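What follows is one structure encoded as structure tokens, with my remarks underneath.
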Amino acid sequence: MKLILKKAHVHIYRLSVGVIYLLCYPFLYFLAKDTNRYPAIAKFRRFLAGTSSGMAGIFYRFEYEQPVDWSQAYIICPNHTSNLDIPAMCRLVKGESSFMGKEELTGEAVTNFFFRTIDVPVNRDSKMSSYRAYKKAIEKLHNGVSMIIFPEGGIADNYPPELQLFKNGPFRLAIESGIPVLPVMILNSWQLMWDNGLKYGSRPGICHIFVHKPIATKGMTVDDADALRDKVYDMIKQKLAAYDHR
């Protein structure tokens with residue numbers, strides 16, 4: 001019975017996302033007609049993320065190592081264990097933001113709109129696509145737009161999830177653009193919503209997120225990218241281990 005309820009809750013969540021998105025779509029469509037209005041799309045997405053999650057009884061609680069100055073851009077690097085990680089990051093960022101994600105997301109009903117406007121899709125099998133995405137991300141960062149990049153590259157198939165090795169792309173991007181890295185530990189989103197291909201479900205609850213202090217990259221070279229990657233990985237892994245052993 002409990003499993004049936006958890007599977008039913010997934011559909012309640014998806015329905016809430018669909019309803020809020022359809023209600024917002026006329027405004028989003030209007031905003032998409034002019035690139036000068038794109039910052040407002042990010043604000044609408046933040047509203048959509050919070051409202052649709054709240055309708056399903058899912059809320060986000062943020063803890064900060066130190067206050068974040070949202071007047072500047074960051075490369076935000078969260079761990080990734082659940083589809084809830086995306087609305088969690090939308091709720092986190094107070095300023096303008098874009099996701100960099102796999103091109104396959106352009107085929108999803110809701111994410112398609114945002115990847116056609118404010119986000120940066122990348123085909124990892126194409127060097128040209130990766131190069132164009134990289135250049136577009138640098139342009140956004142220099143225009144004050146934070147980039148949200150999951151350094152694991154996706155959600156692992158194992159359940160319960162384990163922290164996967166990080167790719168160094170986000171950290172090279174941070175160093176080459178001179179933008180600080182903001183490590184984020186999403187502590188329990190997989191316990192509220194999970195899908196490993198065999199098991200799936202969700203339940204109401206509070207998603208806890210810990211935001212580490214930013215790491216400055218000015219003065220670093222691309223030779224420091226691996227060390228920066230490993231530093232962020234260790235920070236998130238240690239925080240996760242502390243949460244698991246409370």
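Letters A, B, ... go to the chains of the structure tokens in the order shown; residues in each chain start at 1; ligands are counted from 1 in the same order.
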
Counting only C-alpha atoms, what is within 8 Å of Ala73 in chain A, bar same-chain residues fewer than 5 positions away, as a count of residues only?
-> 8

Using DSSP assignments from the backbone, pull out every residue in range 171-217 of chain A that falls under strand (DSSP E or B) and give it to me as a CSV table (one decimal) with N, CA and C atoms, in the first residue's frame.
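This is the output file result16.csv:
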chain,number,residue,atom,x,y,z
A,181,VAL,N,33.4,29.2,-8.0
A,181,VAL,CA,32.6,28.0,-7.9
A,181,VAL,C,31.8,28.0,-6.6
A,182,LEU,N,30.5,27.7,-6.7
A,182,LEU,CA,29.7,27.6,-5.5
A,182,LEU,C,29.3,26.1,-5.3
A,183,PRO,N,30.0,25.4,-4.5
A,183,PRO,CA,29.6,23.9,-4.2
A,183,PRO,C,28.3,23.8,-3.5
A,184,VAL,N,27.4,22.9,-3.9
A,184,VAL,CA,26.1,22.7,-3.2
A,184,VAL,C,25.9,21.3,-2.9
A,185,MET,N,25.6,20.9,-1.7
A,185,MET,CA,25.3,19.6,-1.3
A,185,MET,C,23.8,19.4,-1.1
A,186,ILE,N,23.2,18.7,-2.0
A,186,ILE,CA,21.7,18.3,-1.9
A,186,ILE,C,21.7,17.0,-1.1
A,193,MET,N,12.2,11.9,-3.8
A,193,MET,CA,11.8,11.5,-5.2
A,193,MET,C,12.9,10.7,-5.8
A,194,TRP,N,12.6,9.5,-6.3
A,194,TRP,CA,13.7,8.6,-6.8
A,194,TRP,C,13.2,7.9,-8.1
A,195,ASP,N,14.1,7.5,-8.9
A,195,ASP,CA,13.8,6.7,-10.1
A,195,ASP,C,15.1,6.2,-10.6
A,200,TYR,N,10.6,3.6,-8.6
A,200,TYR,CA,10.3,5.0,-8.7
A,200,TYR,C,9.2,5.4,-7.7
A,201,GLY,N,9.2,6.6,-7.3
A,201,GLY,CA,8.2,7.1,-6.4
A,201,GLY,C,8.6,8.4,-5.8
A,202,SER,N,7.7,9.0,-5.0
A,202,SER,CA,8.0,10.2,-4.3
A,202,SER,C,7.1,10.3,-3.1
A,205,GLY,N,7.6,16.1,1.8
A,205,GLY,CA,8.7,16.3,2.8
A,205,GLY,C,9.5,17.5,2.5
A,206,ILE,N,10.6,17.7,3.2
A,206,ILE,CA,11.5,18.8,3.1
A,206,ILE,C,12.8,18.4,2.5
A,207,CYS,N,13.2,19.0,1.4
A,207,CYS,CA,14.5,18.7,0.8
A,207,CYS,C,15.6,19.7,1.4
A,208,HIS,N,16.6,19.1,2.1
A,208,HIS,CA,17.6,19.9,2.7
A,208,HIS,C,18.8,20.1,1.8
A,209,ILE,N,19.2,21.3,1.7
A,209,ILE,CA,20.4,21.7,0.9
A,209,ILE,C,21.4,22.5,1.7
A,210,PHE,N,22.6,22.1,1.6
A,210,PHE,CA,23.7,22.9,2.2
A,210,PHE,C,24.5,23.6,1.2
A,211,VAL,N,24.7,24.9,1.3
A,211,VAL,CA,25.4,25.7,0.3
A,211,VAL,C,26.8,26.1,1.0
A,215,ILE,N,34.3,29.4,-3.9
A,215,ILE,CA,35.7,29.2,-4.0
A,215,ILE,C,36.2,30.1,-5.2

Determine which residues of range 111-228 of chain A DSSP labels as alpha helix (DSSP H) from the backbone of this structure, then write them out as a PyMOL selection string.
-> chain A and resi 111-117+127-142+169-177+189-192+225-228

Dump as a short mmCIF file (atom, residue, chain, number, x, y, z; two decimals), in the first residue's frame, selection limited to N, CA, C and O atoms:
data_model
loop_
_atom_site.label_atom_id
_atom_site.label_comp_id
_atom_site.auth_asym_id
_atom_site.auth_seq_id
_atom_site.Cartn_x
_atom_site.Cartn_y
_atom_site.Cartn_z
N THR A 111 11.17 21.22 -19.97
CA THR A 111 12.57 21.67 -20.10
C THR A 111 12.88 22.15 -21.51
O THR A 111 13.79 22.97 -21.69
N ASN A 112 12.13 21.67 -22.50
CA ASN A 112 12.36 22.11 -23.89
C ASN A 112 12.27 23.62 -24.01
O ASN A 112 13.12 24.26 -24.65
N PHE A 113 11.25 24.22 -23.38
CA PHE A 113 11.08 25.67 -23.48
C PHE A 113 12.31 26.40 -22.93
O PHE A 113 12.81 27.35 -23.54
N PHE A 114 12.78 25.97 -21.76
CA PHE A 114 13.88 26.68 -21.12
C PHE A 114 15.20 26.46 -21.85
O PHE A 114 16.03 27.36 -21.90
N PHE A 115 15.39 25.28 -22.44
CA PHE A 115 16.62 25.06 -23.20
C PHE A 115 16.57 25.76 -24.55
O PHE A 115 17.61 25.96 -25.18
N ARG A 116 15.41 26.15 -25.00
CA ARG A 116 15.32 26.95 -26.22
C ARG A 116 15.51 28.44 -25.93
O ARG A 116 15.66 29.23 -26.87
N THR A 117 15.48 28.81 -24.67
CA THR A 117 15.57 30.23 -24.33
C THR A 117 16.79 30.51 -23.43
O THR A 117 17.80 31.03 -23.90
N LYS A 127 32.09 17.38 -30.47
CA LYS A 127 33.06 18.37 -30.02
C LYS A 127 32.62 19.78 -30.39
O LYS A 127 32.83 20.73 -29.63
N MET A 128 31.99 19.92 -31.56
CA MET A 128 31.53 21.24 -31.98
C MET A 128 30.42 21.75 -31.07
O MET A 128 30.40 22.92 -30.67
N SER A 129 29.47 20.86 -30.73
CA SER A 129 28.39 21.24 -29.82
C SER A 129 28.94 21.62 -28.45
O SER A 129 28.52 22.60 -27.85
N SER A 130 29.89 20.85 -27.97
CA SER A 130 30.49 21.13 -26.67
C SER A 130 31.21 22.47 -26.68
O SER A 130 31.13 23.24 -25.72
N TYR A 131 31.91 22.77 -27.79
CA TYR A 131 32.63 24.04 -27.91
C TYR A 131 31.66 25.21 -27.93
O TYR A 131 31.86 26.22 -27.23
N ARG A 132 30.57 25.09 -28.70
CA ARG A 132 29.58 26.17 -28.76
C ARG A 132 28.93 26.40 -27.40
O ARG A 132 28.71 27.54 -26.99
N ALA A 133 28.61 25.30 -26.71
CA ALA A 133 28.00 25.42 -25.38
C ALA A 133 28.96 26.09 -24.41
O ALA A 133 28.56 26.92 -23.59
N TYR A 134 30.23 25.73 -24.51
CA TYR A 134 31.26 26.29 -23.63
C TYR A 134 31.37 27.80 -23.84
O TYR A 134 31.40 28.57 -22.87
N LYS A 135 31.41 28.22 -25.10
CA LYS A 135 31.52 29.66 -25.41
C LYS A 135 30.27 30.41 -24.96
O LYS A 135 30.36 31.54 -24.46
N LYS A 136 29.12 29.79 -25.15
CA LYS A 136 27.87 30.45 -24.73
C LYS A 136 27.83 30.59 -23.22
O LYS A 136 27.37 31.60 -22.69
N ALA A 137 28.32 29.57 -22.50
CA ALA A 137 28.34 29.62 -21.04
C ALA A 137 29.25 30.75 -20.55
O ALA A 137 28.90 31.49 -19.62
N ILE A 138 30.42 30.89 -21.16
CA ILE A 138 31.34 31.96 -20.79
C ILE A 138 30.71 33.33 -21.03
O ILE A 138 30.81 34.24 -20.20
N GLU A 139 30.01 33.46 -22.14
CA GLU A 139 29.33 34.73 -22.45
C GLU A 139 28.28 35.05 -21.38
O GLU A 139 28.18 36.19 -20.92
N LYS A 140 27.51 34.05 -20.99
CA LYS A 140 26.51 34.26 -19.96
C LYS A 140 27.14 34.66 -18.63
O LYS A 140 26.67 35.58 -17.94
N LEU A 141 28.20 33.96 -18.26
CA LEU A 141 28.87 34.25 -17.00
C LEU A 141 29.38 35.69 -16.97
O LEU A 141 29.24 36.39 -15.96
N HIS A 142 29.95 36.14 -18.07
CA HIS A 142 30.48 37.51 -18.13
C HIS A 142 29.36 38.55 -18.15
O HIS A 142 29.60 39.73 -17.90
N GLY A 169 34.99 19.56 -16.59
CA GLY A 169 34.52 20.66 -17.44
C GLY A 169 34.06 21.89 -16.69
O GLY A 169 34.47 23.02 -17.02
N PRO A 170 33.18 21.74 -15.67
CA PRO A 170 32.73 22.94 -14.95
C PRO A 170 33.86 23.71 -14.29
O PRO A 170 33.80 24.94 -14.17
N PHE A 171 34.90 23.02 -13.89
CA PHE A 171 35.99 23.65 -13.16
C PHE A 171 36.97 24.34 -14.12
O PHE A 171 37.52 25.39 -13.80
N ARG A 172 37.15 23.78 -15.30
CA ARG A 172 37.91 24.48 -16.34
C ARG A 172 37.17 25.75 -16.74
O ARG A 172 37.78 26.81 -16.93
N LEU A 173 35.85 25.64 -16.86
CA LEU A 173 35.03 26.79 -17.23
C LEU A 173 35.15 27.89 -16.17
O LEU A 173 35.29 29.07 -16.50
N ALA A 174 35.13 27.50 -14.90
CA ALA A 174 35.25 28.47 -13.81
C ALA A 174 36.59 29.19 -13.86
O ALA A 174 36.67 30.42 -13.70
N ILE A 175 37.65 28.43 -14.10
CA ILE A 175 38.99 29.01 -14.12
C ILE A 175 39.17 29.92 -15.33
O ILE A 175 39.68 31.04 -15.21
N GLU A 176 38.74 29.47 -16.49
CA GLU A 176 38.93 30.26 -17.71
C GLU A 176 38.08 31.53 -17.73
O GLU A 176 38.45 32.51 -18.37
N SER A 177 36.96 31.49 -17.02
CA SER A 177 36.10 32.68 -16.96
C SER A 177 36.39 33.54 -15.74
O SER A 177 35.88 34.67 -15.64
N SER A 189 17.34 14.71 -1.45
CA SER A 189 16.30 14.78 -2.49
C SER A 189 15.91 13.39 -2.99
O SER A 189 14.74 13.14 -3.31
N TRP A 190 16.87 12.46 -3.03
CA TRP A 190 16.56 11.11 -3.52
C TRP A 190 15.62 10.37 -2.59
O TRP A 190 14.94 9.41 -3.00
N GLN A 191 15.55 10.78 -1.32
CA GLN A 191 14.62 10.15 -0.38
C GLN A 191 13.20 10.66 -0.58
O GLN A 191 12.24 10.01 -0.14
N LEU A 192 13.06 11.81 -1.24
CA LEU A 192 11.74 12.36 -1.51
C LEU A 192 11.25 12.00 -2.91
O LEU A 192 10.04 11.87 -3.12
N ALA A 225 42.65 22.80 -12.70
CA ALA A 225 41.25 22.36 -12.81
C ALA A 225 41.00 21.04 -12.07
O ALA A 225 39.99 20.89 -11.38
N ASP A 226 41.91 20.10 -12.22
CA ASP A 226 41.71 18.80 -11.56
C ASP A 226 41.75 18.95 -10.04
O ASP A 226 40.97 18.32 -9.32
N ALA A 227 42.67 19.78 -9.55
CA ALA A 227 42.77 19.98 -8.10
C ALA A 227 41.50 20.67 -7.57
O ALA A 227 41.00 20.32 -6.48
N LEU A 228 40.97 21.63 -8.34
CA LEU A 228 39.74 22.30 -7.94
C LEU A 228 38.58 21.32 -7.94
O LEU A 228 37.76 21.30 -7.01
#

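Distances from A:Leu105, A:Ile118, A:Val93, A:Cys24 to Asn36 in chain A were compared using only C-alpha atoms, and the smallest one belongs to A:Ile118.
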
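Between CA of Gly153 in chain A and CA of Ser126 in chain A there is a distance of 15.4 Å.
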
One residue among A:Cys77, A:Ala241, A:Leu48, A:Leu92 is nearest to Glu63 in chain A when using only C-alpha atoms, and that residue is A:Leu92

Report the distance between CA of Gly178 in chain A and CA of Thr217 in chain A in Å, rounded to one decimal place.
->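 Separation between CA of Gly178 in chain A and CA of Thr217 in chain A: 5.5 Å.
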
Hey, can you check how far CA of Ala8 in chain A sits from CA of Ile155 in chain A?
->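 Distance between the two atoms: 21.9 Å.
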
Neighbour list for Leu23 in chain A as a PDB file with N, CA and C atoms, in the first residue's frame, cut-off 12 Å, only C-alpha atoms, skip fewer than 6 positions in-chain:
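Okay, around.pdb is ready:
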ATOM      1  N   SER A  16       1.079  18.666 -10.968  1.00  0.00           N
ATOM      2  CA  SER A  16       1.235  20.028 -10.453  1.00  0.00           C
ATOM      3  C   SER A  16       2.204  20.827 -11.315  1.00  0.00           C
ATOM      4  N   VAL A  17       3.306  20.175 -11.762  1.00  0.00           N
ATOM      5  CA  VAL A  17       4.256  20.852 -12.657  1.00  0.00           C
ATOM      6  C   VAL A  17       3.561  21.241 -13.957  1.00  0.00           C
ATOM      7  N   TYR A  29       5.665  32.645 -23.049  1.00  0.00           N
ATOM      8  CA  TYR A  29       5.684  32.808 -24.512  1.00  0.00           C
ATOM      9  C   TYR A  29       5.913  34.271 -24.879  1.00  0.00           C
ATOM     10  N   PHE A  44      10.289  33.476 -13.487  1.00  0.00           N
ATOM     11  CA  PHE A  44       9.088  32.670 -13.626  1.00  0.00           C
ATOM     12  C   PHE A  44       9.387  31.205 -13.309  1.00  0.00           C
ATOM     13  N   PHE A  47       9.478  30.659  -9.656  1.00  0.00           N
ATOM     14  CA  PHE A  47       8.106  30.602  -9.147  1.00  0.00           C
ATOM     15  C   PHE A  47       7.479  29.247  -9.458  1.00  0.00           C
ATOM     16  N   LEU A  48       7.646  28.794 -10.689  1.00  0.00           N
ATOM     17  CA  LEU A  48       7.081  27.507 -11.104  1.00  0.00           C
ATOM     18  C   LEU A  48       7.625  26.372 -10.242  1.00  0.00           C
ATOM     19  N   THR A  51       6.146  26.644  -6.577  1.00  0.00           N
ATOM     20  CA  THR A  51       4.700  26.445  -6.500  1.00  0.00           C
ATOM     21  C   THR A  51       4.313  25.007  -6.817  1.00  0.00           C
ATOM     22  N   SER A  52       4.875  24.444  -7.884  1.00  0.00           N
ATOM     23  CA  SER A  52       4.518  23.072  -8.263  1.00  0.00           C
ATOM     24  C   SER A  52       4.978  22.071  -7.218  1.00  0.00           C
TER      25      SER A  52
END
